[in-house]
$ cat data.pdb   # PDB, C-alpha atoms
ATOM      1  CA  MET A 840      81.156  85.790 101.154
ATOM      2  CA  LYS A 841      81.940  84.852  97.587
ATOM      3  CA  GLU A 842      79.771  86.234  94.804
ATOM      4  CA  ILE A 843      79.914  85.079  91.196
ATOM      5  CA  VAL A 844      78.692  86.960  88.131
ATOM      6  CA  PHE A 845      78.631  85.501  84.594
ATOM      7  CA  THR A 846      78.713  87.838  81.617
ATOM      8  CA  THR A 847      78.380  86.687  78.008
ATOM      9  CA  TRP A 848      79.335  88.481  74.802
ATOM     10  CA  LEU A 849      76.347  88.979  72.490
ATOM     11  CA  GLY A 850      78.353  90.142  69.461
ATOM     12  CA  ASN A 851      79.278  93.715  68.507
ATOM     13  CA  MET A 852      79.963  95.668  71.693
ATOM     14  CA  ALA A 853      77.148  94.122  73.735
ATOM     15  CA  PHE A 854      77.156  91.775  76.733
ATOM     16  CA  GLU A 855      74.530  90.146  78.935
ATOM     17  CA  THR A 856      75.247  89.671  82.613
ATOM     18  CA  SER A 857      73.409  87.406  85.009
ATOM     19  CA  ILE A 858      73.063  88.286  88.701
ATOM     20  CA  ASP A 859      70.695  86.524  91.093
ATOM     21  CA  GLY A 860      68.998  85.008  88.034
ATOM     22  CA  CYS A 861      68.314  88.467  86.531
ATOM     23  CA  GLY A 862      69.752  89.137  83.073
ATOM     24  CA  ILE A 863      70.945  92.646  82.242
ATOM     25  CA  LYS A 864      72.282  93.717  78.876
ATOM     26  CA  MET A 865      75.123  96.260  78.489
ATOM     27  CA  ALA A 866      76.434  97.923  75.338
ATOM     28  CA  THR A 867      78.699 100.772  74.308
ATOM     29  CA  ASP A 868      77.487 103.891  72.559
ATOM     30  CA  PRO A 869      76.097 103.124  69.096
ATOM     31  CA  LYS A 870      78.840 105.396  67.666
ATOM     32  CA  ALA A 871      81.474 103.103  69.283
ATOM     33  CA  GLY A 872      79.962  99.906  67.886
ATOM     34  CA  GLY A 873      77.194  99.325  70.425
ATOM     35  CA  ASN A 874      73.685  98.471  69.380
ATOM     36  CA  GLY A 875      71.658 100.234  72.065
ATOM     37  CA  LEU A 876      70.746  96.917  73.735
ATOM     38  CA  GLY A 877      71.538  98.286  77.192
ATOM     39  CA  PRO A 878      73.441 100.857  79.240
ATOM     40  CA  ARG A 879      77.194 101.414  79.127
ATOM     41  CA  PRO A 880      79.087  99.682  81.953
ATOM     42  CA  LYS A 881      80.607 102.744  83.647
ATOM     43  CA  PRO A 882      77.346 104.539  84.493
ATOM     44  CA  LEU A 883      76.102 101.159  85.757
ATOM     45  CA  ASP A 884      78.586 101.772  88.577
ATOM     46  CA  LEU A 885      76.670 104.962  89.415
ATOM     47  CA  SER A 886      73.413 102.983  89.406
ATOM     48  CA  ALA A 887      74.945 100.440  91.784
ATOM     49  CA  LEU A 888      75.969 103.362  94.015
ATOM     50  CA  ALA A 889      72.435 104.828  93.868
ATOM     51  CA  GLY A 890      70.866 101.457  94.708
ATOM     52  CA  CYS A 891      73.298 100.682  97.532
ATOM     53  CA  THR A 892      73.073 104.050  99.314
ATOM     54  CA  GLY A 893      69.361 104.431  98.435
ATOM     55  CA  MET A 894      68.520 101.132 100.162
ATOM     56  CA  ASP A 895      70.540 102.161 103.243
ATOM     57  CA  VAL A 896      68.867 105.560 103.478
ATOM     58  CA  ILE A 897      65.272 104.396 102.949
ATOM     59  CA  SER A 898      65.749 101.532 105.378
ATOM     60  CA  ILE A 899      67.205 103.824 108.108
ATOM     61  CA  LEU A 900      64.399 106.374 107.511
ATOM     62  CA  GLN A 901      61.759 103.650 107.818
ATOM     63  CA  LYS A 902      63.264 102.622 111.188
ATOM     64  CA  LYS A 903      62.890 106.287 112.246
ATOM     65  CA  LYS A 904      59.229 106.149 111.064
ATOM     66  CA  VAL A 905      59.979 108.599 108.269
ATOM     67  CA  ILE A 906      58.174 107.163 105.232
ATOM     68  CA  PRO A 907      58.416 109.474 102.205
ATOM     69  CA  THR A 908      55.816 109.398  99.463
ATOM     70  CA  SER A 909      58.574 109.437  96.891
ATOM     71  CA  PHE A 910      62.341 109.108  96.988
ATOM     72  CA  ARG A 911      64.811 109.624  94.133
ATOM     73  CA  VAL A 912      68.582 109.456  94.005
ATOM     74  CA  LEU A 913      70.184 111.643  91.336
ATOM     75  CA  ILE A 914      73.882 111.000  90.739
ATOM     76  CA  GLU A 915      76.219 113.207  88.715
ATOM     77  CA  GLY A 916      79.591 111.677  87.952
ATOM     78  CA  ASP A 917      82.428 113.648  86.409
ATOM     79  CA  LEU A 918      84.476 111.347  84.156
ATOM     80  CA  THR A 919      88.176 112.068  83.468
ATOM     81  CA  GLU A 920      89.201 112.731  79.865
ATOM     82  CA  GLU A 921      92.341 110.549  79.920
ATOM     83  CA  HIS A 922      92.432 106.736  80.098
ATOM     84  CA  PRO A 923      91.487 104.934  82.225
ATOM     85  CA  LYS A 924      88.362 107.100  82.400
ATOM     86  CA  ILE A 925      87.131 107.158  85.975
ATOM     87  CA  TYR A 926      84.728 109.243  88.027
ATOM     88  CA  LYS A 927      86.873 111.677  90.047
ATOM     89  CA  ASP A 928      83.952 113.621  91.544
ATOM     90  CA  ILE A 929      80.532 112.223  92.278
ATOM     91  CA  ASN A 930      77.591 114.229  93.598
ATOM     92  CA  ILE A 931      74.616 112.385  95.072
ATOM     93  CA  ILE A 932      71.347 114.298  95.453
ATOM     94  CA  PHE A 933      68.701 112.657  97.634
ATOM     95  CA  GLU A 934      65.340 114.080  96.537
ATOM     96  CA  ILE A 935      62.790 113.152  99.172
ATOM     97  CA  THR A 936      59.121 114.096  98.975
ATOM     98  CA  GLY A 937      56.467 113.933 101.686
ATOM     99  CA  PRO A 938      53.758 115.959 103.416
ATOM    100  CA  GLY A 939      55.265 119.145 104.894
ATOM    101  CA  TYR A 940      58.840 117.956 104.229
ATOM    102  CA  LYS A 941      60.158 121.214 102.728
ATOM    103  CA  ASP A 942      61.916 123.290 105.436
ATOM    104  CA  ASN A 943      61.098 120.595 108.039
ATOM    105  CA  GLN A 944      64.190 120.539 110.275
ATOM    106  CA  ASP A 945      63.363 117.191 111.945
ATOM    107  CA  ILE A 946      63.004 115.426 108.595
ATOM    108  CA  TYR A 947      66.178 117.102 107.347
ATOM    109  CA  LEU A 948      68.193 115.948 110.375
ATOM    110  CA  ALA A 949      66.807 112.394 110.075
ATOM    111  CA  VAL A 950      67.767 112.250 106.382
ATOM    112  CA  GLN A 951      71.173 113.809 107.082
ATOM    113  CA  ARG A 952      71.917 111.173 109.739
ATOM    114  CA  ALA A 953      70.745 108.353 107.422
ATOM    115  CA  VAL A 954      72.982 109.670 104.617
ATOM    116  CA  GLU A 955      75.965 109.924 106.998
ATOM    117  CA  LEU A 956      75.449 106.362 108.249
ATOM    118  CA  SER A 957      75.244 105.068 104.688
ATOM    119  CA  SER A 958      78.259 107.027 103.506
ATOM    120  CA  ASP A 959      80.507 106.366 106.514
ATOM    121  CA  LYS A 960      79.419 102.903 107.659
ATOM    122  CA  TYR A 961      77.146 100.806 105.465
ATOM    123  CA  CYS A 962      77.397 101.560 101.758
ATOM    124  CA  GLY A 963      79.961  99.194 100.240
ATOM    125  CA  VAL A 964      79.732 100.717  96.765
ATOM    126  CA  SER A 965      80.537 104.168  98.234
ATOM    127  CA  ALA A 966      83.462 102.676 100.166
ATOM    128  CA  MET A 967      84.854 101.114  96.969
ATOM    129  CA  LEU A 968      84.470 104.310  94.916
ATOM    130  CA  LYS A 969      86.036 106.449  97.663
ATOM    131  CA  GLY A 970      89.322 104.689  96.957
ATOM    132  CA  THR A 971      89.688 106.827  93.824
ATOM    133  CA  CYS A 972      87.100 109.626  93.998
ATOM    134  CA  THR A 973      85.393 112.220  96.144
ATOM    135  CA  ILE A 974      81.700 111.757  96.886
ATOM    136  CA  MET A 975      79.532 114.721  97.920
ATOM    137  CA  HIS A 976      75.928 114.553  99.174
ATOM    138  CA  GLU A 977      72.989 116.948  98.904
ATOM    139  CA  ILE A 978      69.553 116.652 100.422
ATOM    140  CA  LEU A 979      66.518 118.129  98.703
ATOM    141  CA  LEU A 980      63.225 117.964 100.616
ATOM    142  CA  LEU A 981      59.999 118.582  98.688
ATOM    143  CA  ASN A 982      56.376 118.866  99.708
ATOM    144  CA  GLU A 983      53.988 116.276  98.380
TER
ATOM    145  CA  MET B 994      82.433 114.506  80.788
ATOM    146  CA  LYS B 995      79.488 114.686  83.137
ATOM    147  CA  GLU B 996      77.160 111.695  83.384
ATOM    148  CA  ILE B 997      73.829 111.716  85.191
ATOM    149  CA  VAL B 998      71.889 108.724  86.472
ATOM    150  CA  PHE B 999      68.376 108.906  88.004
ATOM    151  CA  THR B1000      67.246 106.197  90.372
ATOM    152  CA  THR B1001      63.710 105.969  91.791
ATOM    153  CA  TRP B1002      62.474 104.094  94.842
ATOM    154  CA  LEU B1003      59.761 101.549  93.931
ATOM    155  CA  GLY B1004      58.713 100.732  97.503
ATOM    156  CA  ASN B1005      60.092  97.972  99.757
ATOM    157  CA  MET B1006      63.816  97.594  99.068
ATOM    158  CA  ALA B1007      63.583  98.051  95.292
ATOM    159  CA  PHE B1008      64.757 100.822  92.970
ATOM    160  CA  GLU B1009      64.668 101.480  89.244
ATOM    161  CA  THR B1010      67.589 103.250  87.625
ATOM    162  CA  SER B1011      67.654 104.882  84.216
ATOM    163  CA  ILE B1012      70.856 105.010  82.117
ATOM    164  CA  ASP B1013      70.957 105.965  78.441
ATOM    165  CA  GLY B1014      67.168 105.538  78.386
ATOM    166  CA  CYS B1015      67.416 101.924  79.667
ATOM    167  CA  GLY B1016      65.583 101.135  82.903
ATOM    168  CA  ILE B1017      67.115  98.588  85.275
ATOM    169  CA  LYS B1018      65.521  97.412  88.505
ATOM    170  CA  MET B1019      67.550  96.611  91.632
ATOM    171  CA  ALA B1020      66.419  94.986  94.892
ATOM    172  CA  THR B1021      67.885  93.467  98.032
ATOM    173  CA  ASP B1022      67.590  89.822  98.931
ATOM    174  CA  PRO B1023      63.976  88.800  99.570
ATOM    175  CA  LYS B1024      65.015  87.882 103.158
ATOM    176  CA  ALA B1025      66.158  91.513 103.661
ATOM    177  CA  GLY B1026      62.905  93.012 102.377
ATOM    178  CA  GLY B1027      63.549  92.813  98.633
ATOM    179  CA  ASN B1028      60.961  91.512  96.226
ATOM    180  CA  GLY B1029      63.156  89.816  93.626
ATOM    181  CA  LEU B1030      62.495  92.568  91.060
ATOM    182  CA  GLY B1031      66.183  92.808  90.130
ATOM    183  CA  PRO B1032      69.761  92.184  91.200
ATOM    184  CA  ARG B1033      71.400  93.540  94.343
ATOM    185  CA  PRO B1034      73.480  96.695  93.765
ATOM    186  CA  LYS B1035      76.882  95.379  94.863
ATOM    187  CA  PRO B1036      77.177  92.532  92.322
ATOM    188  CA  LEU B1037      76.026  95.067  89.716
ATOM    189  CA  ASP B1038      79.490  96.572  90.256
ATOM    190  CA  LEU B1039      80.984  93.230  89.173
ATOM    191  CA  SER B1040      78.749  93.264  86.081
ATOM    192  CA  ALA B1041      79.947  96.766  85.242
ATOM    193  CA  LEU B1042      83.513  95.483  85.611
ATOM    194  CA  ALA B1043      82.775  92.504  83.336
ATOM    195  CA  GLY B1044      81.176  94.730  80.711
ATOM    196  CA  CYS B1045      83.924  97.360  80.811
ATOM    197  CA  THR B1046      86.881  94.974  80.588
ATOM    198  CA  GLY B1047      84.983  92.576  78.281
ATOM    199  CA  MET B1048      84.378  95.367  75.745
ATOM    200  CA  ASP B1049      88.056  96.373  75.892
ATOM    201  CA  VAL B1050      89.289  92.811  75.392
ATOM    202  CA  ILE B1051      86.910  91.847  72.559
ATOM    203  CA  SER B1052      87.579  95.120  70.782
ATOM    204  CA  ILE B1053      91.394  94.710  71.034
ATOM    205  CA  LEU B1054      91.119  91.065  69.880
ATOM    206  CA  GLN B1055      89.010  92.099  66.892
ATOM    207  CA  LYS B1056      91.705  94.613  65.909
ATOM    208  CA  LYS B1057      94.187  91.706  66.032
ATOM    209  CA  LYS B1058      91.796  89.681  63.786
ATOM    210  CA  VAL B1059      91.104  87.256  66.615
ATOM    211  CA  ILE B1060      87.331  86.715  66.511
ATOM    212  CA  PRO B1061      86.208  84.077  69.020
ATOM    213  CA  THR B1062      83.026  82.091  68.494
ATOM    214  CA  SER B1063      82.090  82.701  72.111
ATOM    215  CA  PHE B1064      83.442  84.859  74.908
ATOM    216  CA  ARG B1065      82.412  84.858  78.565
ATOM    217  CA  VAL B1066      83.672  86.813  81.546
ATOM    218  CA  LEU B1067      83.275  85.063  84.898
ATOM    219  CA  ILE B1068      83.912  87.244  87.941
ATOM    220  CA  GLU B1069      84.305  86.012  91.505
ATOM    221  CA  GLY B1070      84.247  88.720  94.154
ATOM    222  CA  ASP B1071      85.099  88.056  97.774
ATOM    223  CA  LEU B1072      82.998  90.329  99.983
ATOM    224  CA  THR B1073      84.235  91.367 103.454
ATOM    225  CA  GLU B1074      82.144  90.319 106.470
ATOM    226  CA  GLU B1075      82.322  93.671 108.286
ATOM    227  CA  HIS B1076      80.611  96.926 107.191
ATOM    228  CA  PRO B1077      81.029  98.542 104.760
ATOM    229  CA  LYS B1078      81.029  95.252 102.833
ATOM    230  CA  ILE B1079      83.381  95.608  99.886
ATOM    231  CA  TYR B1080      85.089  93.272  97.436
ATOM    232  CA  LYS B1081      88.685  92.873  98.655
ATOM    233  CA  ASP B1082      89.695  90.250  96.084
ATOM    234  CA  ILE B1083      88.265  89.931  92.616
ATOM    235  CA  ASN B1084      89.153  87.196  90.148
ATOM    236  CA  ILE B1085      88.251  87.670  86.479
ATOM    237  CA  ILE B1086      88.239  84.587  84.251
ATOM    238  CA  PHE B1087      88.138  85.252  80.502
ATOM    239  CA  GLU B1088      86.675  82.107  78.902
ATOM    240  CA  ILE B1089      87.306  82.353  75.167
ATOM    241  CA  THR B1090      86.225  79.712  72.667
ATOM    242  CA  GLY B1091      87.234  79.300  69.034
ATOM    243  CA  PRO B1092      88.554  76.769  66.523
ATOM    244  CA  GLY B1093      91.874  75.322  67.744
ATOM    245  CA  TYR B1094      92.123  77.875  70.599
ATOM    246  CA  LYS B1095      93.071  75.401  73.368
ATOM    247  CA  ASP B1096      96.869  75.323  73.817
ATOM    248  CA  ASN B1097      97.263  77.874  70.960
ATOM    249  CA  GLN B1098     100.156  80.051  72.112
ATOM    250  CA  ASP B1099      99.493  82.864  69.607
ATOM    251  CA  ILE B1100      95.882  83.226  70.707
ATOM    252  CA  TYR B1101      96.944  83.056  74.351
ATOM    253  CA  LEU B1102      99.504  85.840  73.913
ATOM    254  CA  ALA B1103      96.994  88.002  72.018
ATOM    255  CA  VAL B1104      94.418  87.570  74.793
ATOM    256  CA  GLN B1105      97.036  88.141  77.488
ATOM    257  CA  ARG B1106      98.095  91.429  75.848
ATOM    258  CA  ALA B1107      94.449  92.536  75.452
ATOM    259  CA  VAL B1108      93.759  91.769  79.123
ATOM    260  CA  GLU B1109      96.891  93.686  80.197
ATOM    261  CA  LEU B1110      95.918  96.721  78.095
ATOM    262  CA  SER B1111      92.418  96.698  79.567
ATOM    263  CA  SER B1112      93.607  96.219  83.136
ATOM    264  CA  ASP B1113      96.497  98.721  83.029
ATOM    265  CA  LYS B1114      95.271 101.353  80.577
ATOM    266  CA  TYR B1115      91.652 101.354  79.432
ATOM    267  CA  CYS B1116      89.225  99.820  81.917
ATOM    268  CA  GLY B1117      87.877 102.614  84.108
ATOM    269  CA  VAL B1118      85.808 100.275  86.292
ATOM    270  CA  SER B1119      88.966  98.235  87.058
ATOM    271  CA  ALA B1120      90.853 101.439  87.847
ATOM    272  CA  MET B1121      88.134 102.521  90.282
ATOM    273  CA  LEU B1122      87.950  99.126  92.013
ATOM    274  CA  LYS B1123      91.738  98.885  92.307
ATOM    275  CA  GLY B1124      91.595 101.780  94.768
ATOM    276  CA  THR B1125      90.349  99.309  97.397
ATOM    277  CA  CYS B1126      90.848  95.797  96.057
ATOM    278  CA  THR B1127      93.147  93.399  94.260
ATOM    279  CA  ILE B1128      92.074  92.173  90.817
ATOM    280  CA  MET B1129      93.509  88.939  89.387
ATOM    281  CA  HIS B1130      93.028  87.670  85.822
ATOM    282  CA  GLU B1131      92.868  84.172  84.337
ATOM    283  CA  ILE B1132      92.585  83.153  80.713
ATOM    284  CA  LEU B1133      90.820  79.962  79.707
ATOM    285  CA  LEU B1134      90.980  79.005  76.021
ATOM    286  CA  LEU B1135      88.546  76.375  74.765
ATOM    287  CA  ASN B1136      88.094  74.647  71.425
ATOM    288  CA  GLU B1137      84.865  75.230  69.587
TER
END

$ encode --input "data.pdb" --output "structure tokens"
Amino acid sequence: MKEIVFTTWLGNMAFETSIDGCGIKMATDPKAGGNGLGPRPKPLDLSALAGCTGMDVISILQKKKVIPTSFRVLIEGDLTEEHPKIYKDINIIFEITGPGYKDNQDIYLAVQRAVELSSDKYCGVSAMLKGTCTIMHEILLLNE
Amino acid sequence: MKEIVFTTWLGNMAFETSIDGCGIKMATDPKAGGNGLGPRPKPLDLSALAGCTGMDVISILQKKKVIPTSFRVLIEGDLTEEHPKIYKDINIIFEITGPGYKDNQDIYLAVQRAVELSSDKYCGVSAMLKGTCTIMHEILLLNE
């Protein structure tokens, strides 16, 4: 399937990209000539990763009738110092909250299986990043 | 350098991510349970690529005193059919408009050098994607 994304320079170090009819602005750090109009492009890659694996995990959990009250994906990416600056190590923390979730082994195993399926089979953004970096996963279950 | 991105589930197949204090919503296709709140995560990777290489190229051109009147980055990504769906071939078209730019060999060489520097040296998003895919570049110069 072919996908097309248009991105237009807004002046200074800012761009606007259009995907599925949604416009998103990007800019560098203000100290590098950006104007704070939007996020820097590289961490947007981490957001794409969070969205891609997050959608896999919540959708697999829903099929298992595990419906959390809240679900957050925290991603830490360690950027190299030399050019081209890339994420060499990425840590994904799935923070999942629901009634009696903390120390619940059944919920933990369901989440662990969903994370494995996303990481090994479904998540395209993970698969692309794994070409150049190591991705680790943590699961944090919290009571509502 | 460590970067951290938080992404929160909004219900259905939608998430909101926060980078540099900017909130961006993501969602799947409406037919897959999304609600049209934002773009899908995978093409967001192409936007990150456009922003990262676009900022390199415009910044190198500005140093060469080449200031276009408009500058667009069009990215076509060919997604695999099987899981995990990844972009195997990406084509980046730099569409650069300015007075007398069409058929101007000096401008073309300046843009070509800027694109090479971004692709080979500076663009971290390109470097990450190249781990799993082939990236091609085209330059299209247009008169104002």

$ resolve_selection --input "data.pdb" --expression "the ChimeraX specification (/A :<7) & /B" --output "VMD selection string"
chain B and resid 994 to 1002 1006 1008 1010 1012 to 1013 1015 1019 1031 to 1032 1034 to 1041 1043 to 1045 1048 1063 to 1073 1076 to 1079 1114 to 1118 1120 to 1122 1124 to 1125

$ write_last_selection --input "data.pdb" --atoms "C-alpha atoms" --output "compact mmCIF listing (two decimals), in the frame of the given file"
# COMPACT_ATOMS: atom_id res chain seq x y z
CA MET B 994 82.43 114.51 80.79
CA LYS B 995 79.49 114.69 83.14
CA GLU B 996 77.16 111.70 83.38
CA ILE B 997 73.83 111.72 85.19
CA VAL B 998 71.89 108.72 86.47
CA PHE B 999 68.38 108.91 88.00
CA THR B 1000 67.25 106.20 90.37
CA THR B 1001 63.71 105.97 91.79
CA TRP B 1002 62.47 104.09 94.84
CA MET B 1006 63.82 97.59 99.07
CA PHE B 1008 64.76 100.82 92.97
CA THR B 1010 67.59 103.25 87.62
CA ILE B 1012 70.86 105.01 82.12
CA ASP B 1013 70.96 105.96 78.44
CA CYS B 1015 67.42 101.92 79.67
CA MET B 1019 67.55 96.61 91.63
CA GLY B 1031 66.18 92.81 90.13
CA PRO B 1032 69.76 92.18 91.20
CA PRO B 1034 73.48 96.70 93.76
CA LYS B 1035 76.88 95.38 94.86
CA PRO B 1036 77.18 92.53 92.32
CA LEU B 1037 76.03 95.07 89.72
CA ASP B 1038 79.49 96.57 90.26
CA LEU B 1039 80.98 93.23 89.17
CA SER B 1040 78.75 93.26 86.08
CA ALA B 1041 79.95 96.77 85.24
CA ALA B 1043 82.78 92.50 83.34
CA GLY B 1044 81.18 94.73 80.71
CA CYS B 1045 83.92 97.36 80.81
CA MET B 1048 84.38 95.37 75.74
CA SER B 1063 82.09 82.70 72.11
CA PHE B 1064 83.44 84.86 74.91
CA ARG B 1065 82.41 84.86 78.56
CA VAL B 1066 83.67 86.81 81.55
CA LEU B 1067 83.28 85.06 84.90
CA ILE B 1068 83.91 87.24 87.94
CA GLU B 1069 84.30 86.01 91.50
CA GLY B 1070 84.25 88.72 94.15
CA ASP B 1071 85.10 88.06 97.77
CA LEU B 1072 83.00 90.33 99.98
CA THR B 1073 84.24 91.37 103.45
CA HIS B 1076 80.61 96.93 107.19
CA PRO B 1077 81.03 98.54 104.76
CA LYS B 1078 81.03 95.25 102.83
CA ILE B 1079 83.38 95.61 99.89
CA LYS B 1114 95.27 101.35 80.58
CA TYR B 1115 91.65 101.35 79.43
CA CYS B 1116 89.22 99.82 81.92
CA GLY B 1117 87.88 102.61 84.11
CA VAL B 1118 85.81 100.28 86.29
CA ALA B 1120 90.85 101.44 87.85
CA MET B 1121 88.13 102.52 90.28
CA LEU B 1122 87.95 99.13 92.01
CA GLY B 1124 91.60 101.78 94.77
CA THR B 1125 90.35 99.31 97.40

$ closest_residue --input "data.pdb" --among "B:Gly1093, B:Val1050, B:Lys1024, B:Gln1098" --to "Glu1137 of chain B" --atoms "only C-alpha atoms"
B:Gly1093

$ calpha_fit_and_write --input "data.pdb" --fixed "chain A" --moving "chain B" --output "compact mmCIF listing (two decimals) with C-alpha atoms, keeping the file's coordinate frame"
# COMPACT_ATOMS: atom_id res chain seq x y z
CA MET B 994 81.14 85.79 101.16
CA LYS B 995 81.93 84.85 97.60
CA GLU B 996 79.76 86.24 94.81
CA ILE B 997 79.91 85.08 91.20
CA VAL B 998 78.70 86.95 88.13
CA PHE B 999 78.64 85.50 84.58
CA THR B 1000 78.72 87.84 81.63
CA THR B 1001 78.37 86.68 78.01
CA TRP B 1002 79.36 88.47 74.82
CA LEU B 1003 76.35 88.98 72.49
CA GLY B 1004 78.34 90.13 69.45
CA ASN B 1005 79.27 93.71 68.51
CA MET B 1006 79.98 95.66 71.70
CA ALA B 1007 77.16 94.12 73.75
CA PHE B 1008 77.16 91.77 76.73
CA GLU B 1009 74.53 90.15 78.93
CA THR B 1010 75.26 89.67 82.61
CA SER B 1011 73.42 87.41 85.01
CA ILE B 1012 73.07 88.30 88.72
CA ASP B 1013 70.70 86.54 91.12
CA GLY B 1014 69.00 85.01 88.07
CA CYS B 1015 68.32 88.47 86.54
CA GLY B 1016 69.76 89.12 83.09
CA ILE B 1017 70.95 92.63 82.25
CA LYS B 1018 72.28 93.72 78.87
CA MET B 1019 75.11 96.24 78.49
CA ALA B 1020 76.43 97.93 75.34
CA THR B 1021 78.69 100.78 74.31
CA ASP B 1022 77.49 103.89 72.56
CA PRO B 1023 76.10 103.14 69.09
CA LYS B 1024 78.86 105.40 67.65
CA ALA B 1025 81.47 103.11 69.27
CA GLY B 1026 79.96 99.91 67.86
CA GLY B 1027 77.18 99.35 70.40
CA ASN B 1028 73.67 98.49 69.36
CA GLY B 1029 71.64 100.24 72.05
CA LEU B 1030 70.74 96.93 73.74
CA GLY B 1031 71.54 98.29 77.20
CA PRO B 1032 73.44 100.86 79.23
CA ARG B 1033 77.19 101.43 79.13
CA PRO B 1034 79.09 99.69 81.96
CA LYS B 1035 80.60 102.75 83.64
CA PRO B 1036 77.33 104.54 84.50
CA LEU B 1037 76.10 101.16 85.76
CA ASP B 1038 78.59 101.77 88.58
CA LEU B 1039 76.67 104.96 89.43
CA SER B 1040 73.41 102.97 89.41
CA ALA B 1041 74.94 100.44 91.79
CA LEU B 1042 75.96 103.36 94.02
CA ALA B 1043 72.44 104.82 93.88
CA GLY B 1044 70.87 101.47 94.72
CA CYS B 1045 73.29 100.68 97.54
CA THR B 1046 73.07 104.04 99.31
CA GLY B 1047 69.36 104.44 98.45
CA MET B 1048 68.52 101.14 100.17
CA ASP B 1049 70.54 102.16 103.24
CA VAL B 1050 68.87 105.56 103.49
CA ILE B 1051 65.27 104.40 102.95
CA SER B 1052 65.75 101.54 105.37
CA ILE B 1053 67.20 103.82 108.10
CA LEU B 1054 64.40 106.37 107.51
CA GLN B 1055 61.77 103.65 107.82
CA LYS B 1056 63.27 102.63 111.18
CA LYS B 1057 62.89 106.28 112.24
CA LYS B 1058 59.22 106.15 111.06
CA VAL B 1059 59.97 108.60 108.26
CA ILE B 1060 58.18 107.16 105.22
CA PRO B 1061 58.41 109.48 102.21
CA THR B 1062 55.81 109.41 99.46
CA SER B 1063 58.57 109.45 96.88
CA PHE B 1064 62.34 109.11 96.98
CA ARG B 1065 64.80 109.62 94.13
CA VAL B 1066 68.58 109.46 94.00
CA LEU B 1067 70.19 111.64 91.33
CA ILE B 1068 73.88 111.00 90.74
CA GLU B 1069 76.21 113.20 88.71
CA GLY B 1070 79.60 111.67 87.94
CA ASP B 1071 82.43 113.65 86.40
CA LEU B 1072 84.47 111.35 84.16
CA THR B 1073 88.16 112.07 83.48
CA GLU B 1074 89.21 112.74 79.87
CA GLU B 1075 92.34 110.57 79.93
CA HIS B 1076 92.43 106.74 80.11
CA PRO B 1077 91.49 104.93 82.24
CA LYS B 1078 88.36 107.11 82.40
CA ILE B 1079 87.13 107.16 85.98
CA TYR B 1080 84.72 109.24 88.03
CA LYS B 1081 86.86 111.68 90.05
CA ASP B 1082 83.94 113.63 91.55
CA ILE B 1083 80.53 112.22 92.28
CA ASN B 1084 77.59 114.23 93.59
CA ILE B 1085 74.61 112.38 95.06
CA ILE B 1086 71.35 114.29 95.44
CA PHE B 1087 68.71 112.65 97.64
CA GLU B 1088 65.35 114.08 96.51
CA ILE B 1089 62.79 113.15 99.16
CA THR B 1090 59.12 114.10 98.97
CA GLY B 1091 56.47 113.93 101.67
CA PRO B 1092 53.76 115.97 103.40
CA GLY B 1093 55.28 119.14 104.92
CA TYR B 1094 58.86 117.95 104.23
CA LYS B 1095 60.17 121.22 102.73
CA ASP B 1096 61.94 123.28 105.43
CA ASN B 1097 61.11 120.58 108.04
CA GLN B 1098 64.19 120.53 110.27
CA ASP B 1099 63.36 117.18 111.93
CA ILE B 1100 63.02 115.41 108.59
CA TYR B 1101 66.19 117.09 107.34
CA LEU B 1102 68.20 115.93 110.36
CA ALA B 1103 66.82 112.39 110.06
CA VAL B 1104 67.79 112.25 106.38
CA GLN B 1105 71.18 113.81 107.08
CA ARG B 1106 71.92 111.16 109.74
CA ALA B 1107 70.76 108.35 107.42
CA VAL B 1108 72.99 109.66 104.61
CA GLU B 1109 75.97 109.92 107.00
CA LEU B 1110 75.45 106.35 108.25
CA SER B 1111 75.25 105.06 104.69
CA SER B 1112 78.26 107.03 103.49
CA ASP B 1113 80.51 106.36 106.51
CA LYS B 1114 79.42 102.90 107.65
CA TYR B 1115 77.14 100.80 105.46
CA CYS B 1116 77.40 101.56 101.75
CA GLY B 1117 79.97 99.20 100.25
CA VAL B 1118 79.73 100.72 96.76
CA SER B 1119 80.54 104.17 98.24
CA ALA B 1120 83.45 102.68 100.16
CA MET B 1121 84.85 101.12 96.98
CA LEU B 1122 84.46 104.32 94.93
CA LYS B 1123 86.02 106.46 97.66
CA GLY B 1124 89.32 104.69 96.98
CA THR B 1125 89.68 106.84 93.85
CA CYS B 1126 87.09 109.61 94.01
CA THR B 1127 85.39 112.22 96.14
CA ILE B 1128 81.68 111.75 96.88
CA MET B 1129 79.52 114.72 97.90
CA HIS B 1130 75.93 114.54 99.16
CA GLU B 1131 72.99 116.94 98.89
CA ILE B 1132 69.54 116.63 100.41
CA LEU B 1133 66.51 118.12 98.71
CA LEU B 1134 63.22 117.96 100.62
CA LEU B 1135 60.01 118.58 98.69
CA ASN B 1136 56.38 118.86 99.72
CA GLU B 1137 53.99 116.28 98.38

$ atom_distance --input "data.pdb" --atom1 "atom CA of Arg952 of chain A" --atom2 "atom CA of Lys903 of chain A"
10.6 Å

$ atom_distance --input "data.pdb" --atom1 "atom CA of Leu979 of chain A" --atom2 "atom CA of Lys902 of chain A"
20.2 Å

$ atom_distance --input "data.pdb" --atom1 "atom CA of Asp1096 of chain B" --atom2 "atom CA of Glu1109 of chain B"
19.4 Å

$ axis_aligned_box --input "data.pdb" --around "segment 1064-1075 of chain B" --padding-each-side "3 Å" --output "JSON"
{"center_x": 83.6, "center_y": 89.3, "center_z": 91.6, "size_x": 9.0, "size_y": 14.8, "size_z": 39.4}
